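Everything below belongs to upload_5.cif, which stores mmCIF, C-alpha atoms and all ligand atoms.
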data_structure
loop_
_atom_site.label_atom_id
_atom_site.label_comp_id
_atom_site.auth_asym_id
_atom_site.auth_seq_id
_atom_site.Cartn_x
_atom_site.Cartn_y
_atom_site.Cartn_z
CA MET A 1 0.00 0.00 0.00
CA LYS A 2 1.45 3.37 -1.05
CA THR A 3 1.07 5.56 2.04
CA ARG A 4 1.34 9.32 2.40
CA LEU A 5 1.80 10.73 5.90
CA TYR A 6 0.79 14.36 6.42
CA ALA A 7 2.37 16.04 9.45
CA TYR A 8 1.79 19.30 11.26
CA THR A 9 4.10 20.26 14.12
CA GLY A 10 5.12 23.07 16.49
CA THR A 11 8.13 21.49 18.19
CA GLY A 12 8.88 18.46 16.06
CA ASN A 13 7.16 15.69 18.05
CA SER A 14 4.57 14.98 15.35
CA LEU A 15 7.17 15.18 12.58
CA TRP A 16 9.37 12.70 14.46
CA VAL A 17 6.38 10.36 14.90
CA ALA A 18 5.61 10.62 11.17
CA ARG A 19 9.23 9.84 10.27
CA GLN A 20 9.38 6.88 12.66
CA LEU A 21 6.19 5.50 11.18
CA ALA A 22 7.43 6.02 7.62
CA MET A 23 10.55 4.01 8.49
CA GLU A 24 8.40 1.14 9.75
CA LEU A 25 5.97 1.16 6.82
CA GLN A 26 6.91 0.16 3.31
CA GLU A 27 6.40 2.73 0.54
CA ALA A 28 5.54 5.60 2.86
CA SER A 29 6.48 9.25 2.48
CA VAL A 30 6.11 12.24 4.82
CA GLU A 31 4.86 15.66 3.77
CA PHE A 32 3.85 18.72 5.75
CA MET A 33 0.14 19.53 5.83
CA PRO A 34 -0.27 22.47 3.47
CA SER A 35 -2.42 25.38 4.60
CA SER A 36 -3.28 26.57 1.10
CA SER A 37 -6.89 27.54 0.49
CA ASN A 38 -6.91 25.49 -2.74
CA ASP A 39 -7.99 21.86 -2.65
CA PHE A 40 -5.23 19.34 -3.23
CA ALA A 41 -5.46 15.68 -4.16
CA THR A 42 -3.44 12.61 -3.26
CA GLU A 43 -3.37 9.36 -5.19
CA ALA A 44 -1.98 7.41 -2.20
CA ASP A 45 -3.79 4.22 -1.16
CA GLY A 46 -3.26 5.04 2.51
CA VAL A 47 -3.31 8.50 4.10
CA GLY A 48 -2.12 9.13 7.65
CA VAL A 49 -2.69 12.41 9.47
CA ILE A 50 -0.22 13.18 12.28
CA PHE A 51 -0.60 16.25 14.46
CA PRO A 52 -0.42 17.61 18.04
CA VAL A 53 -3.49 17.75 20.28
CA HIS A 54 -4.26 21.40 21.09
CA ILE A 55 -6.60 22.29 23.96
CA TRP A 56 -8.05 18.76 23.94
CA GLY A 57 -8.97 18.86 20.28
CA LEU A 58 -7.87 19.42 16.68
CA PRO A 59 -5.69 22.44 15.79
CA SER A 60 -7.38 24.72 13.24
CA HIS A 61 -4.55 23.89 10.80
CA VAL A 62 -5.63 20.23 10.77
CA ILE A 63 -9.30 21.10 10.28
CA HIS A 64 -8.36 23.32 7.35
CA PHE A 65 -6.21 20.55 5.88
CA ILE A 66 -8.96 17.91 6.10
CA ASN A 67 -11.46 20.29 4.53
CA HIS A 68 -9.20 20.81 1.49
CA LEU A 69 -7.87 17.29 1.01
CA GLN A 70 -9.14 15.15 -1.86
CA VAL A 71 -8.62 11.41 -1.62
CA LYS A 72 -9.57 8.70 -4.08
CA PHE A 73 -12.42 6.29 -3.34
CA GLY A 74 -11.41 3.51 -0.93
CA THR A 75 -8.37 5.26 0.59
CA TYR A 76 -7.34 3.81 3.94
CA LEU A 77 -7.43 6.77 6.36
CA PHE A 78 -5.78 6.73 9.78
CA ALA A 79 -4.47 9.26 12.30
CA LEU A 80 -1.98 9.70 15.12
CA ALA A 81 -2.83 12.36 17.71
CA VAL A 82 0.41 13.35 19.45
CA ASN A 83 -0.11 14.70 22.96
CA ALA A 84 1.24 15.15 26.46
CA GLY A 85 -1.00 12.55 28.09
CA GLN A 86 -4.50 13.94 27.49
CA PRO A 87 -5.77 13.15 23.99
CA ALA A 88 -9.38 13.53 25.24
CA ALA A 89 -11.89 13.21 22.37
CA THR A 90 -9.62 14.62 19.64
CA LEU A 91 -9.77 11.51 17.45
CA ILE A 92 -13.53 11.31 17.80
CA GLN A 93 -13.67 14.92 16.61
CA LEU A 94 -11.50 13.95 13.62
CA LYS A 95 -13.68 10.94 12.87
CA ARG A 96 -16.75 13.18 12.81
CA LEU A 97 -14.99 15.76 10.64
CA MET A 98 -14.02 13.07 8.15
CA ALA A 99 -17.61 11.80 8.15
CA THR A 100 -18.71 15.25 6.92
CA ARG A 101 -16.45 14.59 3.89
CA GLY A 102 -18.04 11.16 3.40
CA TRP A 103 -14.92 9.38 4.65
CA SER A 104 -14.35 6.81 7.35
CA LEU A 105 -11.39 7.09 9.75
CA SER A 106 -10.21 3.46 9.86
CA SER A 107 -8.02 3.79 12.93
CA GLY A 108 -6.72 6.49 15.25
CA TYR A 109 -3.97 6.32 17.86
CA SER A 110 -2.72 8.48 20.72
CA ILE A 111 1.04 8.97 21.13
CA ALA A 112 2.26 10.61 24.35
CA LEU A 113 5.45 12.70 24.12
CA PRO A 114 6.94 15.60 26.16
CA SER A 115 4.72 18.66 26.53
CA ASN A 116 5.50 21.73 24.46
CA TYR A 117 2.84 23.86 26.18
CA ILE A 118 5.36 26.14 27.84
CA PRO A 119 2.84 28.54 29.46
CA TRP A 120 2.18 25.65 31.89
CA GLY A 121 5.83 24.61 32.33
CA GLY A 122 8.76 22.79 30.77
CA PRO A 123 8.92 19.38 29.09
CA GLY A 124 9.83 17.43 32.25
CA PRO A 125 13.07 15.73 33.32
CA ALA A 126 15.38 14.25 30.64
CA ASP A 127 14.93 10.64 31.81
CA ALA A 128 11.13 10.97 31.70
CA GLN A 129 11.41 12.37 28.16
CA GLN A 130 13.59 9.42 27.12
CA ARG A 131 11.02 6.99 28.53
CA LEU A 132 8.32 8.66 26.43
CA PHE A 133 10.46 8.40 23.27
CA THR A 134 11.09 4.69 23.92
CA GLN A 135 7.42 3.96 24.58
CA ALA A 136 6.42 5.92 21.46
CA ARG A 137 8.88 3.95 19.28
CA GLU A 138 7.36 0.68 20.50
CA LYS A 139 3.82 1.86 19.92
CA ILE A 140 4.64 3.17 16.45
CA LYS A 141 5.99 -0.29 15.49
CA ALA A 142 2.67 -1.84 16.53
CA ILE A 143 0.70 0.84 14.69
CA ALA A 144 2.72 0.19 11.53
CA ALA A 145 1.73 -3.49 11.68
CA THR A 146 -1.96 -2.54 11.92
CA VAL A 147 -1.71 0.01 9.13
CA ARG A 148 0.15 -2.39 6.81
CA GLN A 149 -2.74 -4.83 7.14
CA GLY A 150 -5.30 -2.09 6.53
CA LYS A 151 -7.11 -3.00 9.76
CA GLN A 152 -10.19 -1.21 11.11
CA ARG A 153 -9.91 -0.16 14.77
CA ASP A 154 -12.02 2.12 16.93
CA VAL A 155 -10.16 5.38 17.57
CA GLU A 156 -8.35 5.80 20.90
CA ARG A 157 -9.76 8.33 23.33
CA GLY A 158 -9.33 9.59 26.87
CA PRO A 159 -11.62 8.64 29.78
CA LEU A 160 -15.08 10.24 29.99
CA TRP A 161 -14.06 12.54 32.89
CA GLN A 162 -11.53 14.06 30.49
CA ASN A 163 -13.55 14.07 27.28
CA ILE A 164 -16.76 15.73 28.43
CA PRO A 165 -15.45 18.85 30.25
CA PHE A 166 -12.35 19.32 28.10
CA SER A 167 -14.23 19.03 24.81
CA LEU A 168 -16.44 21.82 26.13
CA ILE A 169 -13.38 23.95 26.96
CA TYR A 170 -12.10 23.25 23.43
CA ARG A 171 -15.34 24.49 21.90
CA ILE A 172 -15.37 27.63 24.06
CA SER A 173 -11.75 28.53 23.36
CA PHE A 174 -11.42 27.50 19.69
CA GLY A 175 -12.47 30.87 18.26
CA LYS A 176 -10.19 32.74 20.67
CA VAL A 177 -6.94 30.89 19.85
CA CYS A 178 -5.91 33.28 17.07
CA LYS A 179 -5.71 36.17 19.57
CA MET A 180 -3.93 34.26 22.35
CA ASP A 181 -0.67 35.57 20.85
CA LYS A 182 -1.30 38.84 22.74
CA ASN A 183 0.68 37.25 25.59
CA PHE A 184 3.87 36.83 23.52
CA TRP A 185 6.68 39.37 23.83
CA ALA A 186 10.39 39.48 23.02
CA ASP A 187 12.85 40.40 25.76
CA ASP A 188 16.24 42.09 25.52
CA LYS A 189 17.98 38.89 24.44
CA CYS A 190 16.40 39.27 20.97
CA ASN A 191 19.18 39.75 18.41
CA HIS A 192 16.78 40.50 15.52
CA CYS A 193 17.62 37.29 13.62
CA ARG A 194 14.06 36.97 12.20
CA ILE A 195 13.99 33.21 12.70
CA CYS A 196 10.67 33.37 14.58
CA ALA A 197 9.04 35.19 11.65
CA LYS A 198 10.45 32.70 9.15
CA LEU A 199 9.34 29.53 10.92
CA CYS A 200 5.83 30.51 11.99
CA PRO A 201 3.48 28.14 10.11
CA ALA A 202 0.76 30.80 10.14
CA THR A 203 2.90 33.75 8.91
CA ASN A 204 1.71 35.42 12.09
CA ILE A 205 4.92 37.27 12.95
CA GLU A 206 6.08 40.54 11.45
CA MET A 207 9.34 42.28 12.35
CA ASN A 208 9.00 45.88 13.51
CA ASP A 209 12.08 47.85 14.59
CA GLY A 210 13.99 44.55 14.63
CA LYS A 211 11.59 42.83 17.04
CA PRO A 212 8.71 40.40 16.43
CA THR A 213 5.10 41.58 16.43
CA TRP A 214 2.31 38.98 16.57
CA LEU A 215 -0.57 39.56 14.14
CA HIS A 216 -3.47 37.70 15.84
CA ARG A 217 -3.83 34.82 13.44
CA CYS A 218 -1.88 32.55 15.78
CA GLU A 219 -2.30 28.75 15.83
CA GLN A 220 -0.67 28.50 19.32
CA CYS A 221 1.78 25.89 18.02
CA MET A 222 4.55 27.31 20.27
CA ALA A 223 7.16 27.10 17.49
CA CYS A 224 8.25 30.72 17.88
CA ILE A 225 8.86 30.61 21.63
CA GLN A 226 10.37 27.13 21.61
CA TRP A 227 12.76 27.59 18.66
CA CYS A 228 14.03 31.15 19.26
CA PRO A 229 17.81 30.56 19.45
CA GLN A 230 18.21 33.30 22.09
CA GLU A 231 15.25 32.11 24.20
CA ALA A 232 14.13 35.72 23.93
CA ILE A 233 10.40 35.05 23.40
CA GLN A 234 8.23 34.93 26.49
CA TYR A 235 4.54 34.14 27.03
CA GLY A 236 3.16 36.10 29.96
CA LYS A 237 5.44 36.33 33.00
CA LYS A 238 6.34 32.76 33.90
CA THR A 239 8.11 31.37 30.83
CA VAL A 240 11.37 33.14 31.74
CA GLN A 241 11.91 30.33 34.25
CA TYR A 242 10.79 27.38 32.07
CA GLN A 243 13.05 25.18 29.97
CA ARG A 244 12.56 25.33 26.18
CA TYR A 245 11.79 22.16 24.25
CA HIS A 246 11.87 20.76 20.77
CA HIS A 247 12.27 17.16 19.70
CA PRO A 248 16.03 16.39 19.70
CA GLU A 249 15.93 14.75 16.25
CA VAL A 250 14.07 17.60 14.53
CA THR A 251 15.94 20.64 13.27
CA LEU A 252 15.27 24.29 12.64
CA GLU A 253 15.67 23.51 8.92
CA ASP A 254 12.73 21.08 9.20
CA MET A 255 10.62 23.84 10.72
CA LEU A 256 11.59 26.30 8.01
CA GLU A 257 10.61 23.71 5.40
CA GLN A 258 7.18 23.39 7.03
CA ALA A 259 6.75 27.18 6.91
CA THR A 260 7.78 27.24 3.24
CA THR A 261 5.18 24.54 2.47
CA ASN A 262 2.55 26.71 4.10
CA GLN A 263 3.59 29.87 2.32
CA GLY A 264 3.76 28.10 -1.07
C1 LIG B 1 -1.85 25.18 22.54
C2 LIG B 1 -1.51 23.81 23.01
C3 LIG B 1 -2.45 23.03 23.61
C4 LIG B 1 -2.15 21.73 24.03
N1 LIG B 1 -3.15 20.98 24.54
C5 LIG B 1 -2.89 19.69 24.89
C6 LIG B 1 -3.95 18.84 25.33
O1 LIG B 1 -5.11 19.20 25.37
N2 LIG B 1 -3.64 17.58 25.71
C7 LIG B 1 -2.35 17.11 25.68
O2 LIG B 1 -2.11 15.98 26.07
N3 LIG B 1 -1.33 17.89 25.22
C8 LIG B 1 -1.59 19.15 24.82
N4 LIG B 1 -0.57 19.95 24.33
C9 LIG B 1 0.78 19.38 24.23
C10 LIG B 1 1.10 18.87 22.83
O3 LIG B 1 0.01 18.18 22.25
C11 LIG B 1 2.30 17.91 22.84
O4 LIG B 1 3.39 18.46 23.50
C12 LIG B 1 2.71 17.50 21.43
O5 LIG B 1 3.60 16.42 21.52
C13 LIG B 1 3.36 18.62 20.64
O6 LIG B 1 3.60 18.14 19.34
P1 LIG B 1 4.40 18.97 18.23
O7 LIG B 1 5.82 19.07 18.72
O8 LIG B 1 4.30 18.12 17.02
O9 LIG B 1 3.75 20.29 18.08
C14 LIG B 1 -0.84 21.23 23.88
C15 LIG B 1 0.13 22.02 23.30
C16 LIG B 1 -0.19 23.29 22.84
C17 LIG B 1 0.88 24.10 22.19
S1 LIG B 2 13.94 34.33 16.84
FE1 LIG B 2 14.28 35.25 18.84
S2 LIG B 2 16.16 36.42 18.59
FE2 LIG B 2 15.41 35.99 16.53
S3 LIG B 2 14.11 37.78 15.99
FE3 LIG B 2 12.76 36.24 16.90
S4 LIG B 2 12.70 36.81 19.06
FE4 LIG B 2 14.45 37.84 18.21
S1 LIG B 3 2.98 33.04 16.30
FE1 LIG B 3 4.17 31.45 17.30
S2 LIG B 3 2.66 30.15 18.34
FE2 LIG B 3 1.54 31.44 16.86
S3 LIG B 3 1.39 30.18 15.01
FE3 LIG B 3 3.23 31.42 14.80
S4 LIG B 3 4.90 30.18 15.59
FE4 LIG B 3 2.98 29.25 16.28
#
Write out the structure in this file as structure tokens.
Ligand SMILES: Cc1cc2nc3c(=O)[nH]c(=O)nc-3n(C[C@H](O)[C@H](O)[C@H](O)COP(=O)(O)O)c2cc1C
Ligand code: SF4
Ligand code: SF4
Amino acid sequence: MKTRLYAYTGTGNSLWVARQLAMELQEASVEFMPSSSNDFATEADGVGVIFPVHIWGLPSHVIHFINHLQVKFGTYLFALAVNAGQPAATLIQLKRLMATRGWSLSSGYSIALPSNYIPWGGPGPADAQQRLFTQAREKIKAIAATVRQGKQRDVERGPLWQNIPFSLIYRISFGKVCKMDKNFWADDKCNHCRICAKLCPATNIEMNDGKPTWLHRCEQCMACIQWCPQEAIQYGKKTVQYQRYHHPEVTLEDMLEQATTNQG
């Protein structure tokens, strides 16, 4: 089965997952999810969608992607929702979204990796991160076996106590995400390198007087704050004390490639 994996990422976790899965599968390739407003088609027999969970649901980028994707009849569709331990009902939301396109999500998996949500803290101790990478590798191997056989599986989900209240919070906050960038600011460590503006997948950063300005079409992916080489970007008051994170096997060049995909 020729498989195309579409990835969206803020700090590389989802891209790493996509690459690990591509290594396990035969005839699989990884592409970034474009954000173009034109429809685009894939001739692949299998399509995998790999993305981070944001506020207990789908990032707007993923919704946009699904709404513009064209697949051929009978395509095997599956998804990996990458998260920090609370996938909640994200894959159920994706299943429903795909149903509106007349598609069936054949299987959906949760992969837990270090948290990139820096407003709430750092990614956790190095040994705990390594444990998550090891567990993820093992799970991805098992997922590859299921995908290769084109199996149907019910999508993974969090417990009810998580899904019901957190799905509600998702719905309440979804429309406000684009303006949550009002809490970003650049401190004196900024050396005006422009990297934040170049890697933003939403072209949401403009440079003014050598410093970034956020334009309120933010996807809250955390790429800008996590990848700034000077650690000059802050979110509110607390991030000064929190450790930055990106997946150790993903590079700034990968992030710039994602941004180029989105701009093109
Ligand atoms: C805005 C935002 C919201 C998040 N919400 C959740 C969440 O609801 N549940 C969860 O487990 N992780 C959540 N996370 C953590 C990410 O899903 C997790 O760190 C993921 O691995 C990041 O993947 P990426 O590096 O591909 O962007 C959130 C992260 C961000 C930036
Ligand atoms: S990436 Fe960091 S140092 Fe470079 S312009 Fe942006 S805020 Fe300044
Ligand atoms: S401004 Fe920062 S958090 Fe918002 S979409 Fe761009 S890179 Fe992501």
Report as a Markdown table the residues of chain A within 6 Å of ligand LIG 1 (chain B), each with its shortest atom pair and distance in Å (one decimal), using only C-alpha atoms and all ligand atoms, ordered by chain and increasing residue number.
| residue | atom | partner | partner_atom | distance |
| --- | --- | --- | --- | --- |
| A:Thr9 | CA | B:LIG1 | O8 | 3.6 |
| A:Gly10 | CA | B:LIG1 | O9 | 3.5 |
| A:Thr11 | CA | B:LIG1 | O7 | 3.4 |
| A:Gly12 | CA | B:LIG1 | O7 | 4.1 |
| A:Asn13 | CA | B:LIG1 | O7 | 3.7 |
| A:Ser14 | CA | B:LIG1 | O8 | 3.6 |
| A:Phe51 | CA | B:LIG1 | O8 | 5.8 |
| A:Pro52 | CA | B:LIG1 | O6 | 4.3 |
| A:Val53 | CA | B:LIG1 | O3 | 4.0 |
| A:His54 | CA | B:LIG1 | C3 | 3.5 |
| A:Ile55 | CA | B:LIG1 | O1 | 3.7 |
| A:Trp56 | CA | B:LIG1 | O1 | 3.3 |
| A:Val82 | CA | B:LIG1 | O5 | 4.9 |
| A:Asn83 | CA | B:LIG1 | O3 | 3.6 |
| A:Ala84 | CA | B:LIG1 | O2 | 3.5 |
| A:Gly85 | CA | B:LIG1 | O2 | 4.1 |
| A:Gln86 | CA | B:LIG1 | O2 | 3.4 |
| A:Pro87 | CA | B:LIG1 | O2 | 5.1 |
| A:Leu113 | CA | B:LIG1 | O5 | 4.9 |
| A:Pro114 | CA | B:LIG1 | O4 | 5.3 |
| A:Ser115 | CA | B:LIG1 | O4 | 3.3 |
| A:Asn116 | CA | B:LIG1 | O4 | 4.0 |
| A:Tyr117 | CA | B:LIG1 | C15 | 4.4 |
| A:Gln220 | CA | B:LIG1 | C1 | 4.8 |
| A:Cys221 | CA | B:LIG1 | C17 | 4.6 |
| A:Met222 | CA | B:LIG1 | C17 | 5.2 |
Next item on the list: Would you be able to write out as a PyMOL selection string which residues have an atom within 8 Å of (-5.4, 3.3, 20.2) in the file's coordinates, counting all atoms listed in the file?
Entry: chain A and resi 107-110+153-157
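Using all atoms listed in the file, the protein and nucleic acid residues lying no more than 7 Å from region 223-235 of chain A, apart from those fewer than 4 places from it along its own chain, are Gly10, Thr11, Pro119, Asn183, Phe184, Trp185, Ala186, Asp187, Asp188, Lys189, Cys190, Ile195, Cys196, Cys200, Thr239, Val240, Arg244, Tyr245 and His246 of chain A.
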Checklist line | Long-range neighbours of region 159-166 of chain A as a list in words, 7 Å cut-off, all atoms listed in the file, 2 positions minimum in chain | finding: Trp56, Ala88, Ala89, Arg157, Leu168, Ile169 and Tyr170 of chain A
Check: Expressed in Å to a single decimal, how great is the separation between atom FE2 of ligand LIG 2 (chain B) and CA of Ala197 (chain A)?
Finding: 8.1 Å
With a cut-off of 10 Å, could you pull out the residues of region 37-69 of chain A touching region 5-8 of chain A and give me the nearest pair of atoms for each, distance in Å to one decimal, using all atoms listed in the file, ordered by chain and ascending number, as a Markdown table?
| residue | atom | partner | partner_atom | distance |
| --- | --- | --- | --- | --- |
| A:Ala44 | CA | A:Leu5 | CA | 9.5 |
| A:Gly46 | CA | A:Leu5 | CA | 8.3 |
| A:Val47 | CA | A:Leu5 | CA | 5.9 |
| A:Gly48 | CA | A:Leu5 | CA | 4.6 |
| A:Val49 | CA | A:Tyr6 | CA | 5.0 |
| A:Ile50 | CA | A:Ala7 | CA | 4.8 |
| A:Phe51 | CA | A:Tyr8 | CA | 5.0 |
| A:Pro52 | CA | A:Tyr8 | CA | 7.3 |
| A:Pro59 | CA | A:Tyr8 | CA | 9.3 |
| A:His61 | CA | A:Tyr8 | CA | 7.8 |
| A:Val62 | CA | A:Tyr8 | CA | 7.5 |
| A:Phe65 | CA | A:Tyr6 | CA | 9.4 |
Set up a box along x, y and z of the file covering all listed atoms of ligand LIG 3 (chain B), add 4 Å on every one of the six sides, and write the centre and edge lengths in Å to one decimal, as AutoDock Vina command-line options.
--center_x 3.1 --center_y 31.1 --center_z 16.6 --size_x 11.5 --size_y 11.8 --size_z 11.5
Check: Looking at all atoms listed in the file, which of A:Lys211, A:Gln258, A:Gly175, A:Pro248 is the one that sits closest to Gln129 (chain A)?
Finding: A:Pro248
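Taking only C-alpha atoms, the non-local environment of Lys2 (chain A) within 12 Å (same-chain residues fewer than 3 positions away omitted) comprises A:Leu5, A:Ala22, A:Leu25, A:Gln26, A:Glu27, A:Ala28, A:Ser29, A:Val30, A:Thr42, A:Glu43, A:Ala44, A:Asp45, A:Gly46, A:Val47, A:Gly48, A:Thr75, A:Tyr76, A:Val147, A:Arg148, A:Gly150.
Relative to CA of Met180 (chain A), CA of Gly210 (chain A) is found at 22.1 Å.
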Next item on the list: Provide the CA of Asp127 (chain A) to CA of Glu24 (chain A) distance in Å, to one decimal place.
Entry: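 It comes out at 24.9 Å.
With distances taken over only C-alpha atoms and all ligand atoms, A:Asn191 is the one residue among A:Asn208, A:His216, A:His247, A:Asn191 lying closest to ligand LIG 2 (chain B).
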Checklist line | Counting all atoms listed in the file, the residue of A:Asn67, A:Asp181, A:Ala79, A:Ala112 that sits nearest Ala128 (chain A) | finding: A:Ala112
Check: Between A:Asp39, A:Glu219, A:Asp209, A:Glu138, which one has atoms that come closest to ligand LIG 3 (chain B), using all atoms listed in the file?
Finding: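 For ligand LIG 3 (chain B), the nearest of the given residues is A:Glu219.
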Check: For Ala259 (chain A), which residue among A:Gln241, A:Asn204, A:Thr134, A:Gln152 is the nearest when counting all atoms listed in the file?
Finding: A:Asn204
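Closest to ligand LIG 3 (chain B) among A:Leu215, A:Asp254, A:Glu249, A:Met33 is A:Leu215, based on only C-alpha atoms and all ligand atoms.
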